[in-house]
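Trainee: Questions regarding the structure given below will be posed in turn.
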Amino acid sequence: MQNGVRVRFAPSPTGALHIGGVRTALYNYLFAKKNNGTMVLRVEDTDQARYVEGAEDYILNALEWVGIIPDESPKVGGDFGPYRQSQRKSMYMEYAKKLVDEGNAYYAFDTSEELEAMRERLKAAKVDNPQYNAITRMQMNNSLTLTEEEVKERLDSGVPYVIRLKVPRKEEVRLNDMVRGWVMVHSSAIDDKVLMKSDGMPTYHLANVVDDHLMKITHVIRGEEWLPSAPLHVLLYKFLGWEDSMPQFAHLPLLLKPDGNGKLSKRDGDKLGFPVFPITGEFAGKDGRPETFSGFREAGYLPDAFLNFLAFLGWNPGTEEEIFSMEALTEAFTVERIGKSGTKFDIEKAKWYNQQYLKAKTGEELTSYIKPNLTSDHITYSDEMLSKICDTLKERVTFPQEIWTEGQFFFTTPTSYDEGIVAKKWNETAVSVFSEYIDKISSVEDFNADNAKTLLIEILDERGFKIGLVMQALRIALTGKGSGPDLMDIMEILGKKEVEKRILKAIEVLPLKMES
Ligand code: GLU
């Protein structure tokens, strides 16, 4: 049963969704699920100049990859649609007009030259932050300074105009943010924001507030960068007479660069050597050339690991526990445990999460990552073998694609051998032990890790040697490397024929160090 809680994630399709945006979507989703509520995805595409083709699909795909499926969206619809603001265009003017009629907004006809001249004038008068506000509006071309006839004449003649909010000169605007507590702003710090643009489109502020109201949004959970806009939104709710149903706000802490110096930006991904986008993509750039960007998915992050990592960037459960599935997060999530200060982005932690989730998968689940690499040469590799390979390697890698690269020796006989180890460990004793070993294993019916070990120990025991004496030499013969997964497991997977073949090849090609 869904109750009255309704949240929305409201991205603008101006490019790829940065991971900070995915985190905002996630916290909205968790809050909705926790409260048996509804999550709405609303596309805020009123800024036609910044619209990027394909961005909306990218956003939906990215959310789907991590398992965030909105209950209402342009894709699945819902009772409060349309869910793209460009398709709601006709709804906004009514509210802007209401604001004008009730004296809370006004028409402004200033040209860009006039606006520029105003800013210059204020700058010359040493005003730090020149803006269109309660003081300056009276020197401008607007329905507050022109006569009614002049205004009517201009509106009728079709000259371009905007509608601006008439922000009160002296008023304390307050809001009780769920993360930050009471936030108070003096209205003199707010300028007369444009609500309707000259192209007939609403600006973000008007469209956002009108839609949150019409879509019956109860909680606005969004990034801290929107906190400065919140007092303006509070004024709009008040002027539109919607104060009683105003949503509760929760502004999320910023995601900071790894060194804590400033906000993690869209451009940081390439510079810092890790992705800042959920999935890889490409959009047409401003100059028409495609702009590509890399994502966590393609780097080998598992969606549940990425999700767990993201959830902890700004929230914690208040316990030492770190591994949380989406269900567990839904259960544990509370807005009270969202931090106030910015969170440093730590890619090492993301890798740690990936390892934890990789380890928790069965070998069988991981085979899908190596199967695409298999060619007709690998016909003898059964699903069982592939799953054993994944099992032996999963604890040794961070990303699933490394199972293939790290496990190359399972698929091809080594052609090169670690020279340092060969020089130290490959000797007559080893060769004679291995020759006997090949004989012994040839008569074994069911060659496996256990009997592979027992037979080797038997030979060594007879000669009074410790097992450690030849282990590295054997590893070199079988894998070419000085370290790797358990050698007995490797032998079981390779099978006795391949073990025999590789030992014989090593005996043939490796230089023998004479023992003194
Ligand atoms: N369209 C805004 C954005 O791109 C939404 C901000 C909000 O959630 O109010 O982030």
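Note on naming: chains are A, B, ... as they come in the structure tokens, residues start from 1 per chain, ligands start from 1 in the order shown.
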Around ligand 1, at most 7 Å away and counting only C-alpha atoms and all ligand atoms, which residues are there? Put them as a list in words, please.

Mentor: Phe9, Ala10, Pro11, Ser12, Glu44, Tyr204, Asn208, Val220, Ile221, Arg222 and Trp226 of chain A

Trainee: Can I get the selected residues back with N, CA and C atoms, as a short mmCIF file (atom, residue, chain, number, x, y, z; two decimals), in the first residue's frame?

Mentor:
```cif
data_model
loop_
_atom_site.label_atom_id
_atom_site.label_comp_id
_atom_site.auth_asym_id
_atom_site.auth_seq_id
_atom_site.Cartn_x
_atom_site.Cartn_y
_atom_site.Cartn_z
N PHE A 9 12.74 12.93 -8.48
CA PHE A 9 14.08 13.21 -8.94
C PHE A 9 13.85 13.99 -10.22
N ALA A 10 14.48 15.18 -10.31
CA ALA A 10 14.10 16.10 -11.38
C ALA A 10 15.30 16.56 -12.21
N PRO A 11 15.94 15.65 -12.91
CA PRO A 11 17.14 16.04 -13.66
C PRO A 11 16.82 16.89 -14.89
N SER A 12 17.80 17.68 -15.28
CA SER A 12 17.69 18.41 -16.54
C SER A 12 18.49 17.65 -17.58
N GLU A 44 13.28 17.99 -16.36
CA GLU A 44 13.17 19.45 -16.36
C GLU A 44 13.91 20.01 -17.57
N TYR A 204 13.41 27.49 -14.40
CA TYR A 204 13.48 26.38 -13.46
C TYR A 204 12.64 26.65 -12.21
N ASN A 208 9.55 24.32 -11.43
CA ASN A 208 9.86 23.38 -10.36
C ASN A 208 8.82 23.44 -9.24
N VAL A 220 11.18 17.28 -0.92
CA VAL A 220 12.12 17.63 -1.98
C VAL A 220 13.53 17.29 -1.48
N ILE A 221 14.09 16.22 -2.04
CA ILE A 221 15.44 15.80 -1.63
C ILE A 221 16.36 16.08 -2.81
N ARG A 222 17.28 17.00 -2.64
CA ARG A 222 18.12 17.40 -3.77
C ARG A 222 19.48 17.89 -3.28
N TRP A 226 21.23 23.53 -4.63
CA TRP A 226 19.92 24.15 -4.78
C TRP A 226 19.45 24.86 -3.53
#
```

Trainee: Write out as a PyMOL selection string the residues lying within 12 Å of segment 250-252 of chain A, counting only C-alpha atoms and excluding same-chain residues fewer than 3 positions away.

Mentor: chain A and resi 7+20-21+23-28+31+175-183+218-230+247+255+311+313-315+334-343

Trainee: Could you list, as a ChimeraX atom specification, every residue within 12 Å of Arg84 of chain A, counting only C-alpha atoms and ignoring same-chain residues fewer than 6 positions away?

Mentor: /A:10-13,40-47,56,72-75,77,207-208,211

Trainee: When you count only C-alpha atoms, which of these residues is closest to Ile347 of chain A: A:Arg475, A:Lys193, A:Lys257, A:Lys266?

Mentor: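 For Ile347 of chain A, the nearest of the given residues is A:Lys257.
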
Trainee: Nearest to Gly103 of chain A among A:Lys123, A:Lys166, A:Asn129, A:Val151, with distances taken over only C-alpha atoms: which residue is it?

Mentor: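 Of all the options, A:Lys166 lies closest to Gly103 of chain A.
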
Trainee: So that I can see what lies close to Thr479 of chain A, please list as a ChimeraX atom specification the residues with an atom at most 8 Å from it, counting only C-alpha atoms and leaving out residues fewer than 6 positions away in the same chain.

Mentor: /A:409-410,413-414,417

Trainee: Produce a file of the selected residues containing C-alpha atoms, as a tab-separated table (two decimals), in the first residue's frame.

Mentor:
```tsv
chain	number	residue	atom	x	y	z
A	409	PHE	CA	47.47	-19.23	-17.73
A	410	PHE	CA	44.33	-21.35	-17.43
A	413	THR	CA	50.32	-22.78	-21.88
A	414	PRO	CA	52.88	-20.29	-20.60
A	417	TYR	CA	58.55	-17.71	-17.31
```

Trainee: Determine, counting only C-alpha atoms, which protein, DNA and RNA residues have an atom within 10 Å of an atom of Arg137 of chain A; residues of the same chain fewer than 4 positions away are not included. Present the result as a PyMOL selection string.

Mentor: chain A and resi 108+118+131-133+141-145+164+166+191-192

Trainee: Between atom CA of Tyr92 of chain A and atom CA of Val209 of chain A, what is the distance, to one decimal in Å?

Mentor: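 If I compute the distance from atom CA of Tyr92 of chain A to atom CA of Val209 of chain A, I get 10.1 Å.
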
Trainee: Find the spatial neighbours of Phe309 of chain A, counting only C-alpha atoms, within a cut-off of 12 Å - ignore same-chain residues fewer than 3 positions away - and output them as a PyMOL selection string.

Mentor: chain A and resi 19-20+22-23+26+66+296+301-306+312-316+322-326+329+345-357

Trainee: So what do you get for atom CA of Ser432 of chain A versus atom CA of Ile507 of chain A, distance-wise?

Mentor: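 Computed distance, atom CA of Ser432 of chain A to atom CA of Ile507 of chain A, equals 9.7 Å.
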
Trainee: Extract the full set of strand (DSSP E) residues from segment 64-188 of chain A according to DSSP on the backbone, and format it as a PyMOL selection string.

Mentor: chain A and resi 105-108+162-165+172-177+181-186

Trainee: Need to verify the contact set: Pro275 of chain A, 9 Å, only C-alpha atoms, exclusion of same-chain residues closer than 4 positions in sequence. Can you return it as a PyMOL selection string?

Mentor: chain A and resi 19+268-270+279-280+293-296+299

Trainee: Let me see the file: selected residues, N, CA and C atoms, as a CSV table (one decimal), in the first residue's frame.

Mentor:
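That gives us again_25.csv:
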```
chain,number,residue,atom,x,y,z
A,19,ILE,N,27.7,11.3,-11.0
A,19,ILE,CA,27.3,10.3,-9.9
A,19,ILE,C,26.6,11.0,-8.7
A,268,ASP,N,36.1,16.3,-13.7
A,268,ASP,CA,37.1,15.7,-12.9
A,268,ASP,C,37.4,14.3,-13.3
A,269,GLY,N,36.4,13.6,-13.9
A,269,GLY,CA,36.6,12.2,-14.2
A,269,GLY,C,37.9,11.9,-15.0
A,270,ASP,N,38.1,12.7,-16.1
A,270,ASP,CA,39.3,12.4,-16.9
A,270,ASP,C,40.5,12.8,-16.2
A,279,ILE,N,27.5,5.3,-16.4
A,279,ILE,CA,27.7,4.4,-17.5
A,279,ILE,C,28.4,5.2,-18.7
A,280,THR,N,29.1,4.5,-19.5
A,280,THR,CA,29.8,5.2,-20.6
A,280,THR,C,28.8,5.7,-21.6
A,293,PHE,N,32.4,10.0,-22.7
A,293,PHE,CA,32.8,10.0,-21.3
A,293,PHE,C,32.6,8.6,-20.8
A,294,SER,N,33.5,8.2,-19.8
A,294,SER,CA,33.5,6.9,-19.3
A,294,SER,C,32.7,6.7,-18.0
A,295,GLY,N,32.3,5.5,-17.8
A,295,GLY,CA,31.4,5.2,-16.7
A,295,GLY,C,31.9,4.0,-15.8
A,296,PHE,N,31.3,4.0,-14.6
A,296,PHE,CA,31.6,2.9,-13.7
A,296,PHE,C,31.3,1.6,-14.2
A,299,ALA,N,33.9,0.3,-16.4
A,299,ALA,CA,35.2,0.1,-15.7
A,299,ALA,C,35.2,-1.2,-15.0
```

Trainee: Quote the spacing between atom CA of Ile490 of chain A and atom CA of Glu462 of chain A in Å to one decimal place.

Mentor: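 Taking atom CA of Ile490 of chain A as the start and atom CA of Glu462 of chain A as the end point, the length is 24.4 Å.
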
Trainee: Given the choices A:Ile135, A:Ala55, A:Leu236, A:Leu358, which gets closest to Lys98 of chain A if the distance is worked out from only C-alpha atoms?

Mentor: A:Leu236

Trainee: Can you work out which one of A:Glu458, A:Asp110, A:Glu64, A:Asp450 has the shortest atom-to-atom distance to Arg154 of chain A, counting only C-alpha atoms?

Mentor: A:Asp110

Trainee: DSSP on the backbone, helix (DSSP H, G or I) only: what residues of segment 329-460 of chain A does that give? Format it as a PyMOL selection string.

Mentor: chain A and resi 329-332+335-337+347-359+363-373+376-378+383-396+401-406+408-411+419-425+428-442+449-460

Trainee: Tell me which of A:Arg50, A:His378, A:Lys197, A:Lys496 sits closest to Phe411 of chain A, counting only C-alpha atoms.

Mentor: A:His378
